[in-house]
$ cat target_31.cif   # mmCIF, C-alpha atoms
data_work
#
loop_
_atom_site.group_PDB
_atom_site.id
_atom_site.type_symbol
_atom_site.label_atom_id
_atom_site.label_comp_id
_atom_site.auth_asym_id
_atom_site.auth_seq_id
_atom_site.Cartn_x
_atom_site.Cartn_y
_atom_site.Cartn_z
ATOM 1 C CA MET A 16 29.110 7.938 -73.216
ATOM 2 C CA ALA A 17 27.498 11.054 -71.796
ATOM 3 C CA TYR A 18 23.809 11.683 -71.271
ATOM 4 C CA ASN A 19 23.842 14.441 -73.903
ATOM 5 C CA THR A 20 24.805 11.960 -76.579
ATOM 6 C CA LYS A 21 21.705 9.863 -76.092
ATOM 7 C CA MET A 22 18.203 10.377 -77.351
ATOM 8 C CA ILE A 23 15.561 10.958 -74.721
ATOM 9 C CA LYS A 24 12.377 8.892 -74.529
ATOM 10 C CA THR A 25 9.246 10.265 -76.200
ATOM 11 C CA ASP A 26 5.576 9.435 -76.229
ATOM 12 C CA VAL A 27 3.320 8.647 -79.166
ATOM 13 C CA ASP A 28 3.339 12.319 -80.165
ATOM 14 C CA LYS A 29 7.154 12.453 -80.050
ATOM 15 C CA LYS A 30 7.085 14.589 -76.914
ATOM 16 C CA PRO A 31 9.475 13.933 -73.996
ATOM 17 C CA ILE A 32 8.141 11.792 -71.199
ATOM 18 C CA PRO A 33 9.236 11.705 -67.496
ATOM 19 C CA GLN A 34 12.552 9.858 -67.524
ATOM 20 C CA PHE A 35 16.024 9.629 -66.060
ATOM 21 C CA TYR A 36 19.482 8.865 -67.396
ATOM 22 C CA ASN A 37 20.897 5.488 -66.358
ATOM 23 C CA PRO A 38 24.699 5.714 -66.645
ATOM 24 C CA VAL A 39 25.057 1.949 -66.183
ATOM 25 C CA ASN A 40 22.902 1.123 -69.173
ATOM 26 C CA ASP A 41 23.997 4.367 -70.847
ATOM 27 C CA GLU A 42 20.502 5.369 -71.866
ATOM 28 C CA TYR A 43 17.414 7.214 -70.687
ATOM 29 C CA GLU A 44 14.816 5.104 -68.953
ATOM 30 C CA VAL A 45 11.153 5.652 -68.135
ATOM 31 C CA LEU A 46 10.580 7.174 -64.691
ATOM 32 C CA GLN A 47 8.284 4.789 -62.824
ATOM 33 C CA GLY A 48 6.047 5.358 -59.834
ATOM 34 C CA ALA A 49 2.825 4.458 -58.078
ATOM 35 C CA ASN A 50 -0.137 6.210 -56.466
ATOM 36 C CA GLY A 51 0.596 9.441 -58.276
ATOM 37 C CA ALA A 52 4.203 9.714 -57.129
ATOM 38 C CA ALA A 53 7.523 8.851 -58.704
ATOM 39 C CA ARG A 54 9.889 6.382 -57.086
ATOM 40 C CA HIS A 55 12.706 7.861 -55.040
ATOM 41 C CA ILE A 56 15.888 6.628 -53.477
ATOM 42 C CA ILE A 57 16.940 8.114 -50.134
ATOM 43 C CA TYR A 58 20.630 8.973 -49.814
ATOM 44 C CA GLY A 59 22.444 9.301 -46.519
ATOM 45 C CA ALA A 60 24.972 11.918 -45.477
ATOM 46 C CA ASP A 61 27.764 9.671 -46.784
ATOM 47 C CA GLY A 62 26.374 9.961 -50.311
ATOM 48 C CA GLN A 63 25.290 6.334 -50.399
ATOM 49 C CA PRO A 64 21.719 5.057 -50.814
ATOM 50 C CA VAL A 65 20.080 4.140 -47.511
ATOM 51 C CA SER A 66 19.572 0.384 -47.435
ATOM 52 C CA THR A 67 16.612 -1.535 -46.102
ATOM 53 C CA THR A 68 16.410 -4.442 -43.669
ATOM 54 C CA GLY A 69 13.244 -6.449 -43.361
ATOM 55 C CA ASN A 70 11.402 -3.906 -45.527
ATOM 56 C CA LYS A 71 12.380 -1.141 -43.049
ATOM 57 C CA LEU A 72 14.846 1.640 -43.561
ATOM 58 C CA ALA A 73 18.126 0.685 -41.940
ATOM 59 C CA VAL A 74 18.378 4.065 -40.262
ATOM 60 C CA ARG A 75 18.572 4.452 -36.499
ATOM 61 C CA ALA A 76 18.365 7.747 -34.682
ATOM 62 C CA THR A 77 21.169 7.770 -32.128
ATOM 63 C CA GLU A 78 19.210 10.136 -29.926
ATOM 64 C CA ILE A 79 16.256 7.748 -29.688
ATOM 65 C CA GLU A 80 18.497 4.800 -28.878
ATOM 66 C CA THR A 81 20.143 6.823 -26.142
ATOM 67 C CA ILE A 82 16.820 7.778 -24.564
ATOM 68 C CA ILE A 83 15.437 4.265 -24.670
ATOM 69 C CA GLY A 84 18.531 2.737 -23.200
ATOM 70 C CA GLU A 85 19.513 5.297 -20.593
ATOM 71 C CA VAL A 86 18.743 5.351 -16.877
ATOM 72 C CA GLN A 87 17.985 8.816 -15.562
ATOM 73 C CA ALA A 88 17.453 9.856 -11.973
ATOM 74 C CA ALA A 89 15.104 12.620 -13.101
ATOM 75 C CA PRO A 90 13.746 11.946 -16.589
ATOM 76 C CA THR A 91 11.823 14.606 -18.452
ATOM 77 C CA ALA A 92 8.233 14.819 -17.225
ATOM 78 C CA ASN A 93 5.529 12.950 -19.116
ATOM 79 C CA THR A 94 7.996 10.950 -21.190
ATOM 80 C CA LEU A 95 7.695 7.209 -21.331
ATOM 81 C CA LEU A 96 10.816 6.948 -19.210
ATOM 82 C CA ALA A 97 9.340 9.298 -16.589
ATOM 83 C CA ARG A 98 6.111 7.322 -16.415
ATOM 84 C CA LEU A 99 8.014 4.056 -16.006
ATOM 85 C CA LYS A 100 10.133 5.564 -13.270
ATOM 86 C CA ASN A 101 6.996 6.867 -11.518
ATOM 87 C CA LEU A 102 5.491 3.390 -11.668
ATOM 88 C CA GLU A 103 8.697 1.857 -10.354
ATOM 89 C CA THR A 104 8.725 4.315 -7.446
ATOM 90 C CA LYS A 105 5.158 3.412 -6.502
ATOM 91 C CA VAL A 106 5.871 -0.306 -6.658
ATOM 92 C CA ASP A 107 8.940 0.168 -4.465
ATOM 93 C CA ALA A 108 6.799 2.055 -1.944
ATOM 94 C CA ILE A 109 4.272 -0.765 -1.835
ATOM 95 C CA ILE A 110 7.028 -3.315 -1.295
ATOM 96 C CA ALA A 111 8.619 -1.167 1.412
ATOM 97 C CA ASP A 112 5.305 -0.950 3.246
ATOM 98 C CA GLY A 113 5.314 -4.702 3.476
ATOM 99 C CA ILE A 114 1.692 -5.048 2.478
ATOM 100 C CA LYS A 115 0.852 -8.651 1.775
ATOM 101 C CA LEU A 116 -2.702 -9.345 0.818
ATOM 102 C CA SER A 117 -4.515 -12.261 -0.667
ATOM 103 C CA GLY A 118 -7.924 -12.677 -2.203
ATOM 104 C CA SER A 119 -9.596 -11.139 -5.178
ATOM 105 C CA LYS A 120 -11.171 -8.239 -3.323
ATOM 106 C CA VAL A 121 -9.152 -6.226 -0.870
ATOM 107 C CA ALA A 122 -9.739 -3.062 1.070
ATOM 108 C CA VAL A 123 -6.936 -1.291 2.856
ATOM 109 C CA LYS A 124 -7.312 1.224 5.626
ATOM 110 C CA ARG A 125 -4.196 2.839 6.982
ATOM 111 C CA HIS A 126 -4.070 5.078 9.995
ATOM 112 C CA THR A 127 -1.211 6.756 11.751
ATOM 113 C CA LEU A 128 -1.699 7.438 15.421
ATOM 114 C CA SER A 129 -0.571 11.023 15.010
ATOM 115 C CA ASP A 130 -3.189 11.615 12.336
ATOM 116 C CA VAL A 131 -6.293 9.714 13.288
ATOM 117 C CA ILE A 132 -9.458 9.987 11.262
ATOM 118 C CA PRO A 133 -12.765 8.621 12.589
ATOM 119 C CA TYR A 134 -14.902 6.524 10.268
ATOM 120 C CA GLY A 135 -18.704 6.413 10.304
ATOM 121 C CA ASN A 136 -20.407 3.677 12.282
ATOM 122 C CA TYR A 137 -18.124 0.859 11.295
ATOM 123 C CA LEU A 138 -14.506 1.801 11.197
ATOM 124 C CA PHE A 139 -12.949 3.678 14.015
ATOM 125 C CA VAL A 140 -9.384 4.376 14.922
ATOM 126 C CA GLY A 141 -8.581 6.200 18.097
ATOM 127 C CA GLU A 142 -5.545 7.356 19.984
ATOM 128 C CA ASN A 143 -5.183 7.408 23.699
ATOM 129 C CA THR A 144 -1.894 8.612 25.090
ATOM 130 C CA ARG A 145 -1.362 8.230 28.761
ATOM 131 C CA LYS A 146 1.941 8.060 30.580
ATOM 132 C CA TYR A 147 3.983 5.402 28.795
ATOM 133 C CA CYS A 148 1.177 4.050 26.714
ATOM 134 C CA ILE A 149 -0.177 4.753 23.291
ATOM 135 C CA THR A 150 -3.102 2.731 22.107
ATOM 136 C CA GLY A 151 -4.718 2.228 18.746
ATOM 137 C CA PHE A 152 -8.291 1.052 18.356
ATOM 138 C CA LEU A 153 -10.112 -0.252 15.383
ATOM 139 C CA ALA A 154 -13.470 -1.725 14.557
ATOM 140 C CA TRP A 155 -13.461 -3.630 11.294
ATOM 141 C CA HIS A 156 -16.318 -3.687 8.909
ATOM 142 C CA CYS A 157 -17.748 -7.196 8.990
ATOM 143 C CA GLU A 158 -17.698 -7.533 5.211
ATOM 144 C CA TYR A 159 -13.972 -8.234 5.398
ATOM 145 C CA PRO A 160 -13.519 -11.756 6.735
ATOM 146 C CA LYS A 161 -9.740 -11.659 6.543
ATOM 147 C CA LYS A 162 -8.099 -9.230 8.885
ATOM 148 C CA MET A 163 -4.557 -8.235 9.665
ATOM 149 C CA VAL A 164 -2.866 -5.645 11.822
ATOM 150 C CA ILE A 165 0.555 -4.375 10.844
ATOM 151 C CA ILE A 166 2.533 -2.377 13.371
ATOM 152 C CA LYS A 167 5.729 -0.528 12.534
ATOM 153 C CA ASN A 168 7.725 0.949 15.356
ATOM 154 C CA THR A 169 8.776 4.385 14.116
ATOM 155 C CA SER A 170 10.406 5.470 17.361
ATOM 156 C CA GLU A 171 14.098 5.145 18.073
ATOM 157 C CA PHE A 172 13.604 2.708 20.935
ATOM 158 C CA ALA A 173 11.914 -0.653 21.296
ATOM 159 C CA ILE A 174 8.263 -0.732 22.218
ATOM 160 C CA LYS A 175 6.226 -3.513 23.729
ATOM 161 C CA TRP A 176 2.986 -4.399 22.048
ATOM 162 C CA GLY A 177 -0.059 -6.513 22.606
ATOM 163 C CA TRP A 178 -3.494 -6.922 21.077
ATOM 164 C CA CYS A 179 -7.075 -7.519 22.029
ATOM 165 C CA LEU A 180 -10.031 -8.623 19.889
ATOM 166 C CA TYR A 181 -13.635 -7.614 20.474
ATOM 167 C CA ASP A 182 -16.910 -8.974 19.192
ATOM 168 C CA HIS A 183 -19.040 -5.995 20.139
ATOM 169 C CA LEU A 184 -18.999 -2.406 18.962
ATOM 170 C CA ASP A 185 -21.211 0.354 20.261
ATOM 171 C CA VAL A 186 -22.099 2.021 16.970
ATOM 172 C CA ALA A 187 -23.520 5.042 18.775
ATOM 173 C CA THR A 188 -20.137 5.944 20.227
ATOM 174 C CA ASN A 189 -17.843 3.977 17.897
ATOM 175 C CA GLN A 190 -16.313 2.406 20.970
ATOM 176 C CA LEU A 191 -15.216 -1.174 21.331
ATOM 177 C CA GLU A 192 -16.735 -2.537 24.502
ATOM 178 C CA ASP A 193 -14.507 -4.218 27.067
ATOM 179 C CA THR A 194 -17.262 -6.732 27.816
ATOM 180 C CA GLY A 195 -16.881 -8.039 24.282
ATOM 181 C CA ILE A 196 -13.282 -9.220 24.566
ATOM 182 C CA ILE A 197 -12.942 -12.622 22.872
ATOM 183 C CA ALA A 198 -9.178 -13.003 22.653
ATOM 184 C CA SER A 199 -5.992 -11.201 23.521
ATOM 185 C CA SER A 200 -2.258 -11.684 23.378
ATOM 186 C CA SER A 201 -0.857 -13.543 26.345
ATOM 187 C CA SER A 202 1.759 -10.908 27.077
ATOM 188 C CA LEU A 203 3.412 -7.803 25.731
ATOM 189 C CA VAL A 204 6.117 -8.513 23.160
ATOM 190 C CA ASP A 205 9.123 -6.410 22.181
ATOM 191 C CA LEU A 206 9.086 -4.720 18.808
ATOM 192 C CA ALA A 207 12.520 -3.397 17.854
ATOM 193 C CA ALA A 208 13.067 0.161 16.669
ATOM 194 C CA GLY A 209 12.214 0.469 12.990
ATOM 195 C CA ALA A 210 10.848 -3.086 12.871
ATOM 196 C CA THR A 211 7.461 -4.257 11.676
ATOM 197 C CA VAL A 212 5.214 -7.041 12.849
ATOM 198 C CA GLU A 213 2.249 -8.491 11.002
ATOM 199 C CA ILE A 214 -0.607 -10.025 12.958
ATOM 200 C CA PRO A 215 -3.085 -12.011 10.864
ATOM 201 C CA PHE A 216 -6.325 -12.991 12.560
ATOM 202 C CA ASP A 217 -8.196 -16.145 11.737
ATOM 203 C CA THR A 218 -11.701 -14.820 11.407
ATOM 204 C CA LEU A 219 -13.296 -18.225 11.833
ATOM 205 C CA LYS A 220 -11.510 -18.725 15.123
ATOM 206 C CA TYR A 221 -11.896 -15.110 16.191
ATOM 207 C CA PRO A 222 -15.081 -13.547 14.714
ATOM 208 C CA ALA A 223 -14.001 -10.115 15.863
ATOM 209 C CA VAL A 224 -15.551 -6.858 14.788
ATOM 210 C CA GLY A 225 -12.710 -4.864 16.213
ATOM 211 C CA ALA A 226 -9.262 -4.849 17.695
ATOM 212 C CA SER A 227 -7.114 -2.679 19.851
ATOM 213 C CA VAL A 228 -3.350 -2.586 19.888
ATOM 214 C CA TYR A 229 -1.451 -1.562 22.974
ATOM 215 C CA LEU A 230 1.978 -0.067 22.624
ATOM 216 C CA LEU A 231 4.193 0.482 25.629
ATOM 217 C CA HIS A 232 7.172 2.713 25.228
ATOM 218 C CA THR A 233 10.129 1.616 27.287
ATOM 219 C CA ALA A 234 12.571 4.455 26.803
ATOM 220 C CA GLY A 235 12.127 5.881 30.270
ATOM 221 C CA GLY A 236 10.468 8.897 31.920
ATOM 222 C CA ILE A 237 6.819 9.625 32.298
ATOM 223 C CA GLU A 238 6.825 12.092 29.414
ATOM 224 C CA ALA A 239 8.406 9.629 27.011
ATOM 225 C CA LYS A 240 6.114 8.657 24.163
ATOM 226 C CA GLY A 241 6.766 6.218 21.393
ATOM 227 C CA SER A 242 5.415 6.467 17.914
ATOM 228 C CA ALA A 243 4.146 3.780 15.647
ATOM 229 C CA THR A 244 2.275 3.344 12.443
ATOM 230 C CA ILE A 245 -0.574 0.877 12.645
ATOM 231 C CA GLN A 246 -2.216 -0.453 9.523
ATOM 232 C CA PHE A 247 -5.523 -2.257 9.823
ATOM 233 C CA LEU A 248 -6.180 -4.347 6.765
ATOM 234 C CA GLY A 249 -9.390 -6.060 5.832
ATOM 235 C CA GLY A 250 -9.860 -8.361 2.884
ATOM 236 C CA VAL A 251 -11.878 -11.249 1.559
ATOM 237 C CA MET B 26 26.624 -0.500 4.921
ATOM 238 C CA GLU B 27 23.603 -2.059 3.248
ATOM 239 C CA ASN B 28 25.774 -4.373 1.190
ATOM 240 C CA SER B 29 27.594 -5.546 4.313
ATOM 241 C CA ILE B 30 24.262 -6.197 6.023
ATOM 242 C CA LYS B 31 23.012 -8.161 3.020
ATOM 243 C CA THR B 32 26.160 -10.262 3.047
ATOM 244 C CA ILE B 33 26.416 -10.925 6.782
ATOM 245 C CA PHE B 34 22.689 -11.544 7.391
ATOM 246 C CA ALA B 35 21.997 -13.217 4.037
ATOM 247 C CA SER B 36 20.454 -16.292 5.668
ATOM 248 C CA LYS B 37 17.891 -14.132 7.474
ATOM 249 C CA ILE B 38 16.878 -11.895 4.570
ATOM 250 C CA ILE B 39 13.832 -12.698 2.447
ATOM 251 C CA ASP B 40 12.562 -10.286 -0.197
ATOM 252 C CA GLY B 41 14.627 -7.445 1.245
ATOM 253 C CA ARG B 42 13.299 -8.036 4.750
ATOM 254 C CA LEU B 43 15.630 -8.923 7.583
ATOM 255 C CA TYR B 44 13.616 -11.230 9.855
ATOM 256 C CA LEU B 45 14.402 -10.734 13.529
ATOM 257 C CA ASP B 46 12.171 -13.666 14.501
ATOM 258 C CA ASP B 47 9.204 -15.516 13.013
ATOM 259 C CA GLU B 48 6.926 -12.450 13.079
ATOM 260 C CA GLN B 49 9.130 -9.398 13.262
ATOM 261 C CA TYR B 50 11.090 -7.942 10.383
ATOM 262 C CA ILE B 51 12.816 -4.772 9.228
ATOM 263 C CA THR B 52 13.937 -3.684 5.805
ATOM 264 C CA VAL B 53 17.661 -3.773 5.145
ATOM 265 C CA ALA B 54 17.603 -0.021 4.514
ATOM 266 C CA ASP B 55 15.859 0.690 7.827
ATOM 267 C CA PHE B 56 18.247 -1.616 9.670
ATOM 268 C CA ALA B 57 21.198 0.224 8.135
ATOM 269 C CA ASN B 58 19.614 3.490 9.241
ATOM 270 C CA GLU B 59 19.121 2.254 12.809
ATOM 271 C CA PHE B 60 22.796 1.342 13.049
ATOM 272 C CA SER B 61 24.232 4.029 10.785
ATOM 273 C CA ASN B 62 26.775 5.051 13.435
ATOM 274 C CA VAL B 63 28.343 1.588 13.526
ATOM 275 C CA SER B 64 31.682 1.569 11.710
ATOM 276 C CA GLU B 65 31.956 -2.210 11.434
ATOM 277 C CA ILE B 66 29.257 -4.823 11.801
ATOM 278 C CA THR B 67 30.321 -6.873 14.793
ATOM 279 C CA TYR B 68 28.317 -8.209 17.730
ATOM 280 C CA ASP B 69 29.947 -5.844 20.204
ATOM 281 C CA ASN B 70 29.453 -2.761 18.014
ATOM 282 C CA LEU B 71 25.795 -3.565 17.366
ATOM 283 C CA ILE B 72 25.101 -4.314 21.038
ATOM 284 C CA THR B 73 26.668 -1.007 22.021
ATOM 285 C CA ALA B 74 24.578 0.877 19.444
ATOM 286 C CA ASN B 75 21.468 -1.019 20.547
ATOM 287 C CA GLY B 76 21.773 0.434 24.054
ATOM 288 C CA TYR B 77 20.341 -2.475 26.083
ATOM 289 C CA ILE B 78 20.172 -1.797 29.826
ATOM 290 C CA ASP B 79 17.828 -4.415 31.257
ATOM 291 C CA GLU B 80 14.645 -6.321 30.430
ATOM 292 C CA GLU B 81 12.535 -3.205 30.938
ATOM 293 C CA GLN B 82 14.808 -0.791 29.110
ATOM 294 C CA THR B 83 15.834 -2.751 26.058
ATOM 295 C CA GLY B 84 17.217 0.130 23.991
ATOM 296 C CA LYS B 85 16.440 -0.422 20.348
ATOM 297 C CA GLY B 86 15.273 -3.950 21.143
ATOM 298 C CA TYR B 87 17.710 -5.910 18.984
ATOM 299 C CA LYS B 88 19.575 -7.801 21.734
ATOM 300 C CA PRO B 89 17.645 -11.091 21.357
ATOM 301 C CA PHE B 90 18.253 -11.023 17.599
ATOM 302 C CA LEU B 91 21.933 -10.157 17.963
ATOM 303 C CA ASP B 92 22.418 -12.835 20.622
ATOM 304 C CA LYS B 93 20.851 -15.421 18.333
ATOM 305 C CA CYS B 94 23.027 -14.339 15.416
ATOM 306 C CA LYS B 95 26.088 -14.682 17.603
ATOM 307 C CA SER B 96 25.089 -18.165 18.751
ATOM 308 C CA GLU B 97 24.526 -19.160 15.123
ATOM 309 C CA GLY B 98 27.950 -17.856 14.114
ATOM 310 C CA ILE B 99 26.549 -15.079 11.933
ATOM 311 C CA LEU B 100 28.109 -12.393 14.124
ATOM 312 C CA THR B 101 31.483 -12.528 15.784
#
$ encode --input "target_31.cif" --output "structure tokens"
Amino acid sequence: MAYNTKMIKTDVDKKPIPQFYNPVNDEYEVLQGANGAARHIIYGADGQPVSTTGNKLAVRATEIETIIGEVQAAPTANTLLARLKNLETKVDAIIADGIKLSGSKVAVKRHTLSDVIPYGNYLFVGENTRKYCITGFLAWHCEYPKKMVIIKNTSEFAIKWGWCLYDHLDVATNQLEDTGIIASSSSLVDLAAGATVEIPFDTLKYPAVGASVYLLHTAGGIEAKGSATIQFLGGV
Amino acid sequence: MENSIKTIFASKIIDGRLYLDDEQYITVADFANEFSNVSEITYDNLITANGYIDEEQTGKGYKPFLDKCKSEGILT
């Protein structure tokens, strides 16, 4: 039967109330609701009611799924994907640097011989280029009992390297004093082009306040100069 | 190139680092860059690219590593 053949619902005063026609039951039924609003059913573009799964609308935005799942070389700035990619890039850089540290408190000082910065009365890094040699100096702050020197040969030829530890630093001049040598490498060792070497120092065995690293470039002529990045790490 | 390096030197690679000896290492990417002009990874090609002359002029400095790899059958 049609809706216009049925009597609508009325209240106590015989006035129409909010209602809807139910074609299944073939009668008008009271419109129900809660919190001041009537109940509604959401229909999709296919004309069918949108179902629910686990009390959530079973609707998925294709665009959102695409963004969450995709891998972009250059994601839009400030998006979650961009921030994750930025974080990934920084982690990759840390891994590439080969920094391995232990302990709960770590301080890292990194100096490149071509861009040396002097540090107060405790930390000092210097560069001395003469003939075939380039030399890096450092005085560690004594609060870092664990010490490590990392050398990366950034030149295109092998270099030879050696090290020397000192127990005395002239704080007035920031110079390590030769009279304070407590240990040194037995000989110069080859470091291949592009390669890295890590030199951990046992502070108990060698209570050094400073170290120098000698790099000898072997490419040839008197004007030849190697290049290397030296990282001096101190930790507890 | 990097994939070939990873395959050939697999036994000497830890965490992306190719260990030349107990202390010295290089990343696979840097190693590939050092020998980017090598068409095929063989002992002879790498030695040529390394440029070793004598104990004082060791070129790129990879001869001891390459010799060891050859003796271990990693390089032919």
$ residues_around --input "target_31.cif" --residues "Gly76 in chain B" --least-positions-apart "2" --cutoff "12 Å" --atoms "only C-alpha atoms" --output "ChimeraX atom specification"
/A:171-173,207-208,234 /B:59-60,69-74,78-80,82-88
$ interface_residues --input "target_31.cif" --of "chain A" --to "chain B" --cutoff "9 Å" --atoms "all atoms listed in the file" --output "ChimeraX atom specification"
/A:110-111,113,167,170-174,205-214,233-235
$ resolve_selection --input "target_31.cif" --expression "the PyMOL selection byres ((chain A and resi 20) around 12)" --output "list in words"
Met16, Ala17, Tyr18, Asn19, Lys21, Met22, Ile23, Tyr36, Pro38, Asp41, Glu42 and Tyr43 of chain A
$ atom_distance --input "target_31.cif" --atom1 "CA of Cys94 in chain B" --atom2 "CA of Leu203 in chain A"
23.1 Å
$ atom_distance --input "target_31.cif" --atom1 "CA of Lys95 in chain B" --atom2 "CA of Thr32 in chain B"
15.2 Å
$ axis_aligned_box --input "target_31.cif" --around "range 60-73 of chain B" --padding-each-side "5 Å" --output "AutoDock Vina command-line options"
--center_x 27.4 --center_y -1.6 --center_z 16.4 --size_x 19.2 --size_y 23.3 --size_z 21.2
$ atom_distance --input "target_31.cif" --atom1 "CA of Glu27 in chain B" --atom2 "CA of Pro90 in chain A"
26.2 Å
